[in-house]
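S.K.: data_23.txt is the file, holding compact mmCIF, C-alpha atoms and all ligand atoms:
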```
# COMPACT_ATOMS: atom_id res chain seq x y z
CA MET A 1 60.86 -84.97 259.64
CA PHE A 2 62.93 -82.66 257.46
CA LYS A 3 65.17 -81.97 260.43
CA ASN A 4 65.87 -85.66 260.95
CA THR A 5 66.64 -86.29 257.28
CA ARG A 6 68.97 -83.33 257.32
CA LEU A 7 70.67 -84.55 260.47
CA ARG A 8 71.09 -87.99 258.94
CA SER A 9 72.59 -86.51 255.80
CA ILE A 10 75.04 -84.36 257.82
CA SER A 11 76.07 -87.36 259.87
CA ALA A 12 76.44 -89.48 256.68
CA GLN A 13 78.63 -86.73 255.23
CA GLN A 14 80.73 -86.62 258.38
CA GLN A 15 81.07 -90.38 258.30
CA THR A 16 82.34 -90.23 254.70
CA ILE A 17 84.83 -87.52 255.61
CA ARG A 18 86.02 -89.50 258.64
CA THR A 19 86.49 -92.59 256.48
CA LEU A 20 88.51 -90.54 254.00
CA TYR A 21 90.62 -89.20 256.85
CA ASN A 22 91.05 -92.65 258.42
CA ASN A 23 92.40 -93.89 255.08
CA HIS A 24 94.64 -90.84 254.94
CA TRP A 25 96.15 -91.64 258.39
CA GLN A 26 96.53 -95.33 257.60
CA ASN A 27 98.47 -94.32 254.49
CA GLY A 28 100.94 -92.31 256.57
CA GLY A 29 99.10 -88.96 256.59
CA GLY A 30 97.95 -86.94 259.61
CA ALA A 31 99.99 -85.42 262.42
CA THR A 32 102.96 -87.78 262.07
CA SER A 33 103.24 -87.53 258.27
CA LYS A 34 106.83 -87.38 256.98
CA ASN A 35 105.74 -85.49 253.89
CA PRO A 36 102.94 -83.35 255.29
CA THR A 37 100.50 -81.03 253.61
CA VAL A 38 100.68 -77.82 255.63
CA LEU A 39 98.11 -75.04 255.96
CA ILE A 40 99.47 -71.67 257.09
CA THR A 41 97.09 -69.05 258.53
CA GLY A 42 98.08 -65.38 258.49
CA GLY A 43 100.06 -66.37 255.42
CA LEU A 44 100.75 -62.82 254.20
CA GLY A 45 102.05 -61.56 257.53
CA GLN A 46 105.65 -61.03 258.62
CA LEU A 47 106.34 -64.76 259.12
CA GLY A 48 103.91 -66.36 256.66
CA ILE A 49 105.50 -65.78 253.26
CA GLU A 50 109.01 -66.65 254.41
CA CYS A 51 107.72 -69.65 256.36
CA SER A 52 105.99 -70.94 253.21
CA LYS A 53 109.27 -70.62 251.27
CA LEU A 54 111.14 -72.71 253.84
CA LEU A 55 108.45 -75.39 254.13
CA ARG A 56 107.98 -75.55 250.35
CA SER A 57 111.74 -76.08 249.93
CA GLN A 58 111.40 -79.12 252.24
CA TYR A 59 108.01 -80.59 251.32
CA GLY A 60 107.30 -79.25 247.79
CA ALA A 61 105.49 -76.10 246.62
CA GLU A 62 102.08 -77.78 246.26
CA LYS A 63 102.20 -79.17 249.81
CA VAL A 64 102.07 -75.79 251.55
CA ILE A 65 98.84 -73.78 251.37
CA LEU A 66 99.04 -70.14 252.32
CA THR A 67 95.81 -68.58 253.58
CA ASP A 68 94.95 -65.01 254.50
CA ILE A 69 92.16 -62.43 254.30
CA ARG A 70 94.35 -60.06 252.31
CA GLN A 71 95.03 -60.05 248.60
CA PRO A 72 98.32 -61.67 247.59
CA SER A 73 100.69 -60.22 244.98
CA GLN A 74 101.10 -61.94 241.61
CA SER A 75 104.45 -63.40 242.63
CA ILE A 76 102.91 -65.03 245.71
CA LEU A 77 100.05 -66.45 243.62
CA LYS A 78 102.61 -67.93 241.23
CA SER A 79 104.78 -69.41 244.00
CA GLY A 80 102.26 -72.01 245.24
CA PRO A 81 98.72 -72.58 246.52
CA PHE A 82 96.94 -69.61 248.09
CA GLN A 83 93.39 -69.65 249.47
CA TYR A 84 91.28 -66.87 250.89
CA ALA A 85 90.31 -67.90 254.43
CA ASN A 86 89.31 -66.09 257.59
CA ILE A 87 90.22 -67.86 260.84
CA LEU A 88 86.90 -66.64 262.21
CA ASP A 89 85.12 -68.77 259.58
CA PRO A 90 85.71 -72.37 260.74
CA ARG A 91 83.60 -73.95 257.95
CA ARG A 92 85.83 -72.41 255.29
CA LEU A 93 88.96 -73.63 257.07
CA GLU A 94 87.43 -77.09 257.43
CA LYS A 95 86.73 -77.22 253.71
CA ILE A 96 90.35 -76.38 252.91
CA VAL A 97 91.55 -79.06 255.35
CA ILE A 98 89.27 -81.70 253.82
CA ASP A 99 89.78 -80.77 250.16
CA ASN A 100 93.56 -80.79 250.52
CA LYS A 101 93.98 -83.58 253.12
CA VAL A 102 95.89 -81.21 255.36
CA ASP A 103 98.19 -82.81 257.99
CA TRP A 104 99.66 -79.83 259.84
CA ILE A 105 98.45 -76.31 260.62
CA VAL A 106 100.89 -73.48 261.25
CA HIS A 107 98.63 -70.87 262.82
CA LEU A 108 100.34 -67.50 262.43
CA SER A 109 97.33 -65.11 262.42
CA ALA A 110 97.44 -62.78 265.40
CA THR A 111 96.89 -59.20 266.48
CA LEU A 112 100.20 -58.11 268.03
CA SER A 113 100.81 -56.39 271.37
CA ALA A 114 100.57 -52.64 270.63
CA LYS A 115 97.70 -52.95 268.13
CA GLY A 116 95.85 -55.24 270.55
CA GLU A 117 95.87 -52.55 273.27
CA LEU A 118 94.23 -50.13 270.83
CA ASP A 119 91.47 -52.59 269.87
CA ILE A 120 90.91 -55.15 272.61
CA PRO A 121 87.70 -56.64 271.10
CA LEU A 122 89.52 -57.24 267.79
CA ALA A 123 92.50 -58.87 269.52
CA THR A 124 90.15 -61.05 271.58
CA LYS A 125 88.32 -62.23 268.47
CA VAL A 126 91.39 -62.86 266.33
CA ASN A 127 93.64 -64.32 269.03
CA ILE A 128 91.17 -66.19 271.23
CA GLU A 129 88.21 -67.10 268.98
CA GLY A 130 90.62 -67.78 266.10
CA MET A 131 92.69 -70.10 268.32
CA GLN A 132 89.55 -71.97 269.41
CA ASN A 133 88.55 -72.54 265.78
CA ILE A 134 92.00 -73.80 264.85
CA ILE A 135 92.40 -76.15 267.80
CA GLU A 136 88.95 -77.70 267.32
CA LEU A 137 89.76 -78.32 263.68
CA ALA A 138 93.12 -79.84 264.60
CA LYS A 139 91.48 -82.09 267.18
CA HIS A 140 88.74 -83.23 264.81
CA TYR A 141 91.09 -84.11 261.93
CA LYS A 142 94.04 -85.20 264.12
CA LEU A 143 96.37 -82.52 262.74
CA ARG A 144 99.68 -81.43 264.19
CA VAL A 145 99.35 -77.75 265.08
CA PHE A 146 101.97 -75.07 265.65
CA VAL A 147 101.00 -71.78 267.30
CA PRO A 148 103.70 -69.20 268.05
CA SER A 149 103.73 -67.82 271.57
CA THR A 150 105.87 -64.88 272.58
CA ILE A 151 107.95 -62.97 275.09
CA GLY A 152 104.63 -61.13 275.57
CA ALA A 153 103.28 -64.19 277.41
CA PHE A 154 105.33 -63.00 280.40
CA GLY A 155 104.68 -59.96 282.57
CA PRO A 156 106.17 -57.76 285.27
CA ASP A 157 106.04 -60.57 287.88
CA SER A 158 108.13 -62.99 285.74
CA PRO A 159 111.90 -63.19 286.35
CA LYS A 160 113.50 -61.04 283.64
CA ASN A 161 117.01 -62.35 283.10
CA PRO A 162 116.84 -65.16 282.38
CA THR A 163 113.13 -65.96 282.16
CA PRO A 164 112.71 -69.73 282.76
CA ASN A 165 110.58 -71.99 280.59
CA LEU A 166 108.24 -72.66 283.49
CA THR A 167 107.60 -69.58 285.62
CA ILE A 168 105.03 -66.96 286.63
CA GLN A 169 103.05 -65.70 283.62
CA ARG A 170 100.88 -62.69 284.40
CA PRO A 171 101.00 -60.59 281.20
CA ARG A 172 99.45 -57.11 281.16
CA THR A 173 98.39 -57.00 277.48
CA ILE A 174 95.46 -58.68 275.73
CA TYR A 175 98.02 -60.14 273.30
CA GLY A 176 99.90 -61.75 276.20
CA VAL A 177 96.71 -62.95 277.87
CA SER A 178 95.52 -64.53 274.61
CA LYS A 179 98.89 -66.23 274.07
CA VAL A 180 98.93 -67.69 277.59
CA TYR A 181 95.41 -68.93 276.85
CA ALA A 182 96.65 -70.49 273.58
CA GLU A 183 99.54 -72.21 275.40
CA LEU A 184 97.26 -73.60 278.10
CA LEU A 185 94.51 -74.63 275.70
CA GLY A 186 97.05 -76.44 273.52
CA GLU A 187 98.59 -78.26 276.48
CA TYR A 188 95.14 -79.19 277.73
CA TYR A 189 94.08 -80.60 274.32
CA HIS A 190 97.34 -82.53 274.22
CA HIS A 191 96.71 -84.15 277.61
CA LYS A 192 92.97 -84.62 277.16
CA PHE A 193 92.77 -85.65 273.49
CA GLY A 194 96.35 -86.50 272.47
CA LEU A 195 96.53 -83.49 270.12
CA ASP A 196 100.03 -82.91 268.75
CA PHE A 197 100.15 -79.24 269.79
CA ARG A 198 103.48 -77.40 269.64
CA SER A 199 104.35 -73.82 270.52
CA LEU A 200 107.50 -71.70 270.79
CA ARG A 201 107.79 -68.48 272.75
CA LEU A 202 109.36 -66.27 270.12
CA PRO A 203 111.50 -63.20 270.81
CA GLY A 204 110.77 -60.10 268.68
CA VAL A 205 111.32 -61.21 265.08
CA VAL A 206 113.65 -59.03 263.01
CA SER A 207 113.11 -59.22 259.23
CA CYS A 208 113.07 -56.71 256.42
CA ASP A 209 109.31 -57.28 255.94
CA LEU A 210 107.35 -55.07 258.29
CA PRO A 211 105.22 -56.75 260.98
CA GLY A 212 102.80 -53.97 262.05
CA GLY A 213 101.30 -53.53 265.48
CA GLY A 214 104.11 -54.99 267.61
CA THR A 215 106.20 -53.40 270.36
CA THR A 216 109.45 -54.81 268.96
CA ASP A 217 108.76 -53.31 265.49
CA TYR A 218 111.12 -50.41 266.29
CA ALA A 219 114.07 -52.65 265.47
CA ILE A 220 112.85 -53.17 261.91
CA ASP A 221 111.78 -49.53 261.49
CA MET A 222 115.26 -48.43 262.57
CA PHE A 223 116.95 -50.28 259.70
CA HIS A 224 114.51 -48.94 257.09
CA ASN A 225 114.90 -45.38 258.38
CA ALA A 226 118.69 -45.63 258.58
CA ILE A 227 118.77 -46.56 254.91
CA THR A 228 116.02 -44.29 253.52
CA LYS A 229 116.26 -41.19 255.76
CA GLY A 230 119.43 -41.33 257.83
CA LYS A 231 117.44 -40.59 261.01
CA TYR A 232 114.86 -42.24 263.24
CA GLU A 233 112.66 -41.26 266.18
CA CYS A 234 112.34 -44.27 268.49
CA TYR A 235 109.19 -44.87 270.56
CA LEU A 236 111.09 -46.78 273.28
CA LYS A 237 113.69 -45.47 275.73
CA PRO A 238 117.31 -46.07 274.66
CA LYS A 239 118.10 -48.76 277.23
CA THR A 240 114.98 -50.93 276.86
CA THR A 241 116.40 -54.43 276.32
CA VAL A 242 114.24 -57.31 275.05
CA PRO A 243 115.01 -60.64 273.32
CA MET A 244 115.13 -60.58 269.51
CA ILE A 245 115.72 -63.14 266.77
CA TYR A 246 116.57 -62.91 263.07
CA ILE A 247 113.78 -64.31 260.90
CA ASP A 248 115.88 -67.13 259.37
CA ASP A 249 116.70 -68.47 262.84
CA CYS A 250 113.06 -68.12 263.87
CA LEU A 251 111.75 -70.05 260.85
CA ARG A 252 114.39 -72.73 261.20
CA ALA A 253 113.36 -73.13 264.85
CA ILE A 254 109.73 -73.58 263.79
CA TYR A 255 110.71 -76.08 261.10
CA GLU A 256 113.06 -78.10 263.35
CA PHE A 257 110.58 -78.14 266.21
CA MET A 258 107.68 -79.22 263.97
CA ASP A 259 109.90 -81.87 262.41
CA ALA A 260 111.14 -83.24 265.77
CA PRO A 261 109.80 -86.68 266.70
CA ASN A 262 107.24 -86.71 269.48
CA ASP A 263 109.51 -88.65 271.84
CA ALA A 264 112.19 -85.91 271.66
CA ILE A 265 109.76 -83.36 273.02
CA GLN A 266 109.36 -83.13 276.78
CA ARG A 267 107.13 -80.05 276.66
CA ARG A 268 104.51 -78.64 274.35
CA VAL A 269 105.74 -75.03 274.82
CA TYR A 270 109.41 -73.97 274.75
CA ASN A 271 111.27 -70.69 275.14
CA ILE A 272 113.76 -70.00 272.37
CA ASN A 273 116.40 -67.31 272.71
CA ALA A 274 118.85 -65.76 270.25
CA VAL A 275 120.09 -62.21 271.02
CA SER A 276 119.03 -59.35 273.29
CA PHE A 277 119.60 -55.68 272.56
CA SER A 278 118.24 -52.19 273.26
CA PRO A 279 117.48 -49.36 270.79
CA GLU A 280 120.75 -47.70 271.82
CA ASP A 281 122.74 -50.90 271.17
CA LEU A 282 121.11 -51.23 267.75
CA ALA A 283 121.65 -47.59 266.79
CA ASN A 284 125.35 -47.88 267.73
CA GLU A 285 125.80 -51.05 265.68
CA ILE A 286 124.03 -49.52 262.64
CA ARG A 287 126.40 -46.52 262.93
CA ASN A 288 129.25 -48.88 262.02
CA TYR A 289 127.68 -48.88 258.52
CA PHE A 290 126.03 -45.42 258.51
CA PRO A 291 128.16 -43.20 260.81
CA GLN A 292 125.85 -40.17 260.35
CA PHE A 293 122.71 -42.09 261.46
CA GLU A 294 120.77 -39.97 264.00
CA VAL A 295 118.38 -41.48 266.55
CA THR A 296 116.15 -39.49 268.89
CA TYR A 297 113.93 -40.93 271.61
CA ASN A 298 110.29 -40.05 272.19
CA PRO A 299 108.86 -42.89 274.32
CA ASP A 300 105.27 -43.87 273.69
CA ALA A 301 103.56 -44.60 277.04
CA ILE A 302 101.72 -47.76 275.92
CA ARG A 303 104.61 -49.44 274.12
CA GLN A 304 107.17 -48.46 276.77
CA GLU A 305 105.04 -50.00 279.52
CA ILE A 306 104.64 -53.18 277.46
CA ALA A 307 108.37 -53.52 276.75
CA ASP A 308 109.24 -52.79 280.40
CA SER A 309 107.06 -55.74 281.46
CA TRP A 310 108.80 -58.22 279.12
CA PRO A 311 111.86 -60.45 279.66
CA GLU A 312 115.39 -59.30 278.82
CA VAL A 313 116.68 -62.81 278.10
CA LEU A 314 114.73 -66.05 277.70
CA ASP A 315 116.19 -69.23 279.18
CA ASP A 316 116.02 -71.73 276.32
CA THR A 317 118.13 -74.49 277.95
CA GLU A 318 115.33 -77.01 277.54
CA ALA A 319 114.88 -76.37 273.79
CA ARG A 320 118.65 -76.72 273.34
CA GLN A 321 118.65 -80.01 275.25
CA ASP A 322 115.49 -81.65 273.93
CA TRP A 323 115.46 -80.88 270.19
CA LYS A 324 118.90 -79.27 269.80
CA TRP A 325 117.83 -75.68 269.20
CA LYS A 326 120.73 -73.33 268.46
CA PRO A 327 120.58 -69.87 266.84
CA GLU A 328 123.02 -69.08 264.02
CA TYR A 329 122.81 -65.27 264.01
CA ASN A 330 124.47 -63.21 266.74
CA PHE A 331 123.91 -59.46 267.15
CA LYS A 332 126.66 -58.47 264.66
CA THR A 333 125.62 -60.90 261.91
CA LEU A 334 121.95 -60.03 262.40
CA VAL A 335 122.69 -56.33 261.82
CA GLU A 336 125.01 -57.00 258.87
CA THR A 337 122.43 -59.26 257.20
CA MET A 338 119.56 -56.85 257.83
CA ILE A 339 121.44 -53.96 256.26
CA ASP A 340 122.07 -56.01 253.10
CA GLN A 341 118.45 -57.20 252.99
CA VAL A 342 116.86 -53.81 253.62
CA LYS A 343 119.00 -52.27 250.85
CA VAL A 344 117.67 -54.91 248.44
CA PHE A 345 114.12 -54.40 249.74
CA HIS A 346 114.17 -50.71 248.79
CA HIS A 347 115.23 -51.56 245.27
CA THR A 348 112.62 -54.28 244.71
CA PRO A 349 109.12 -52.82 244.06
CA GLU A 350 107.47 -56.28 243.92
CA ARG A 351 108.67 -57.04 247.46
CA ILE A 352 107.14 -53.82 248.74
CA ALA A 353 103.81 -54.57 247.00
CA SER A 354 103.66 -58.04 248.55
CA THR A 355 103.76 -56.68 252.07
CA ALA A 356 101.34 -53.78 251.53
N1 LIG B 1 106.83 -58.94 268.28
C1 LIG B 1 105.72 -59.05 269.19
C2 LIG B 1 105.20 -57.74 269.57
O1 LIG B 1 106.00 -56.84 269.68
C3 LIG B 1 106.12 -59.81 270.42
O2 LIG B 1 105.98 -61.15 270.20
O3 LIG B 1 104.05 -57.59 269.83
```
So, in terms of structure tokens, how does the structure I just supplied come out?
Ligand code: SER
M.R.:
Amino acid sequence: MFKNTRLRSISAQQQTIRTLYNNHWQNGGGATSKNPTVLITGGLGQLGIECSKLLRSQYGAEKVILTDIRQPSQSILKSGPFQYANILDPRRLEKIVIDNKVDWIVHLSATLSAKGELDIPLATKVNIEGMQNIIELAKHYKLRVFVPSTIGAFGPDSPKNPTPNLTIQRPRTIYGVSKVYAELLGEYYHHKFGLDFRSLRLPGVVSCDLPGGGTTDYAIDMFHNAITKGKYECYLKPKTTVPMIYIDDCLRAIYEFMDAPNDAIQRRVYNINAVSFSPEDLANEIRNYFPQFEVTYNPDAIRQEIADSWPEVLDDTEARQDWKWKPEYNFKTLVETMIDQVKVFHHTPERIASTA
């Protein structure tokens, strides 16, 4: 008896929520909204804070909700809405979506490649269970959803230079496996349920904020060490070349791709490419600014094997054709900009606190 009443009340509640959402779509909300409310997961990670700044500049500060399980700094709290939310707690995420009439989710939470190999159960939970929670939510409330994929979605059997958009994907990390799963799940939900799922395979992202747990992190570490210590011990071999992208290009790609009309998009998952370099190339370029900079090499077996299995150059012809993707930063301007930014970083205590 009690059970039935409870079931009726849950279904009445769901009906009310659906009606609210139906009104929201009829009034121009939902996946195709021109002025969307966006929820960002992993909001305090390498991409999250900067992504919120870009989206807030386009849609308004109140329209972009950062979420994370970490504590934000005061400046982040002041810059716009922040909510505590764990992607492994779907009810909490659902409440945020309903309360704020969210239209789009940018799902940035992930355990990266090197950290994932050290804790496979954690990476499985965060990257696979988290993805399942997000995609179910997006399906239920008809949200547009962006999930970054990665060069790590390829493996030693994929062609390396260039790596086509559609090719063999047999990654050898749990991070790569979970990202291939995310790509396939998103495509499947698109075909089966009409979900507006979008994903870009990102090169290693270079920014002055530290990512943590990635194989491409050396590039960021090298700048910080050049400026603070004048020397750096690199965990990859000097000639290990992988694709990289400066954060501003990466965020602009996400924004332009999310903003692209559905009929411009021929695929749900695109490669994007910007620059490719090795630790030796980067050290040489940094020496144009710090001639005394010393780099030694002490390859770490796990990260070297990961990087050796990844592409050298991604073929992004289709992204360039379909939604006009084009990077602005080349290798020289990336290095020049990073040096300026990292100098500022080390003189701005608030910035350091926000990434702790
Ligand atoms: N930057 C990521 C990593 O190194 C690759 O997408 O794990």
S.K.: Let me make sure I understand: among A:Thr228, A:Thr296, A:Thr215, A:Thr240, which one has the smallest atom-to-atom distance to ligand LIG 1 (chain B) if we use only C-alpha atoms and all ligand atoms?
M.R.: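 Going through A:Thr228, A:Thr296, A:Thr215, A:Thr240 one by one, the smallest distance to ligand LIG 1 (chain B) is for A:Thr215.
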S.K.: Please find the residues contacting ligand LIG 1 (chain B) at a distance of at most 7 Å between atoms, with all atoms listed in the file counted, and report them as a PyMOL selection string.
M.R.: chain A and resi 112-114+150-152+202-205+213-217
S.K.: Excluding Val97 in chain A and residues on its chain fewer than 3 positions from it, collect all residues at most 10 Å away from it, counting only C-alpha atoms, and give them as a list in words.
M.R.: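 Counting only C-alpha atoms, the residues come to Thr37, Val38, Leu39, Ile65, Arg91, Arg92, Leu93, Glu94, Asn100, Lys101, Val102, Asp103, Trp104, Ile105, Leu137, Ala138, Tyr141 and Leu143 of chain A.
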S.K.: If I take CA of Lys95 in chain A and CA of Phe146 in chain A, how far is one from the other in Å, to one decimal?
M.R.: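 For CA of Lys95 in chain A relative to CA of Phe146 in chain A, the distance reads 19.5 Å.
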S.K.: So the first atom is CA of Asp316 in chain A and the second is CA of Ile272 in chain A; what is the distance between them in Å, to one decimal place?
M.R.: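 So the two atoms, CA of Asp316 in chain A and CA of Ile272 in chain A, lie 4.9 Å apart.
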S.K.: Provide the CA of Thr111 in chain A to CA of Thr124 in chain A distance in Å, to one decimal place.
M.R.: 8.7 Å
S.K.: List as a PDB file with C-alpha atoms, keeping the file's coordinate frame the protein and nucleic acid residues near Gln304 in chain A, meaning an atom at most 8 Å away when only C-alpha atoms are counted, but skip any in the same chain fewer than 6 places from it.
M.R.:
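That gives us part_17.pdb:
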```
ATOM      1  CA  TYR A 235     109.190 -44.870 270.560  1.00  0.00           C
ATOM      2  CA  LEU A 236     111.090 -46.780 273.280  1.00  0.00           C
ATOM      3  CA  LYS A 237     113.690 -45.470 275.730  1.00  0.00           C
TER       4      LYS A 237
END
```
S.K.: Tell me, as number ranges by chain, which residues lie within 8 Å of range 169-173 of chain A, counting only C-alpha atoms; anything in the same chain fewer than 3 positions away does not count.
M.R.: A: 113, 116-117, 152-158, 176-177, 180, 306, 309
S.K.: Any idea what's packed within 9 Å of Glu312 in chain A, counting all atoms listed in the file, ignoring anything in its chain fewer than 3 positions away? Could you give it as a compact mmCIF listing (two decimals) with C-alpha atoms, keeping the file's coordinate frame?
M.R.:
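Dumped to result17.txt:
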```txt
# COMPACT_ATOMS: atom_id res chain seq x y z
CA LYS A 160 113.50 -61.04 283.64
CA ASN A 161 117.01 -62.35 283.10
CA PRO A 162 116.84 -65.16 282.38
CA THR A 163 113.13 -65.96 282.16
CA THR A 240 114.98 -50.93 276.86
CA THR A 241 116.40 -54.43 276.32
CA VAL A 242 114.24 -57.31 275.05
CA PRO A 243 115.01 -60.64 273.32
CA SER A 276 119.03 -59.35 273.29
CA PHE A 277 119.60 -55.68 272.56
```
S.K.: Tell me which of A:Lys192, A:His107, A:Arg144, A:Lys115 sits closest to Lys34 in chain A, counting all atoms listed in the file.
M.R.: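 That would be A:Arg144, the residue with the smallest distance to Lys34 in chain A.
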S.K.: Quick one: residues within 8 Å of Ser207 in chain A, all atoms listed in the file, excluding same-chain residues fewer than 5 positions away - as a PyMOL selection string?
M.R.: chain A and resi 46+220+246-247+338
S.K.: Determine the nearest neighbour of Val342 in chain A from the options A:Asp196, A:Asp89, A:Asp221, A:Glu183, counting all atoms listed in the file.
M.R.: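 Comparing A:Asp196, A:Asp89, A:Asp221, A:Glu183 against Val342 in chain A, the winner is A:Asp221.
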S.K.: Choose the residue, out of A:Ile96, A:Asp340, A:Asn127, A:Leu108, that has the smallest atom-to-atom separation from Pro211 in chain A; count only C-alpha atoms.
M.R.: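 When distances to Pro211 in chain A are compared using only C-alpha atoms, the smallest one comes from A:Leu108.
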S.K.: Restricting the calculation to only C-alpha atoms, which member of A:Asp308, A:Glu129, A:Glu50, A:Asp322 is positioned closest to Leu66 in chain A?
M.R.: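 Of A:Asp308, A:Glu129, A:Glu50, A:Asp322, the one nearest Leu66 in chain A is A:Glu50, counting only C-alpha atoms.
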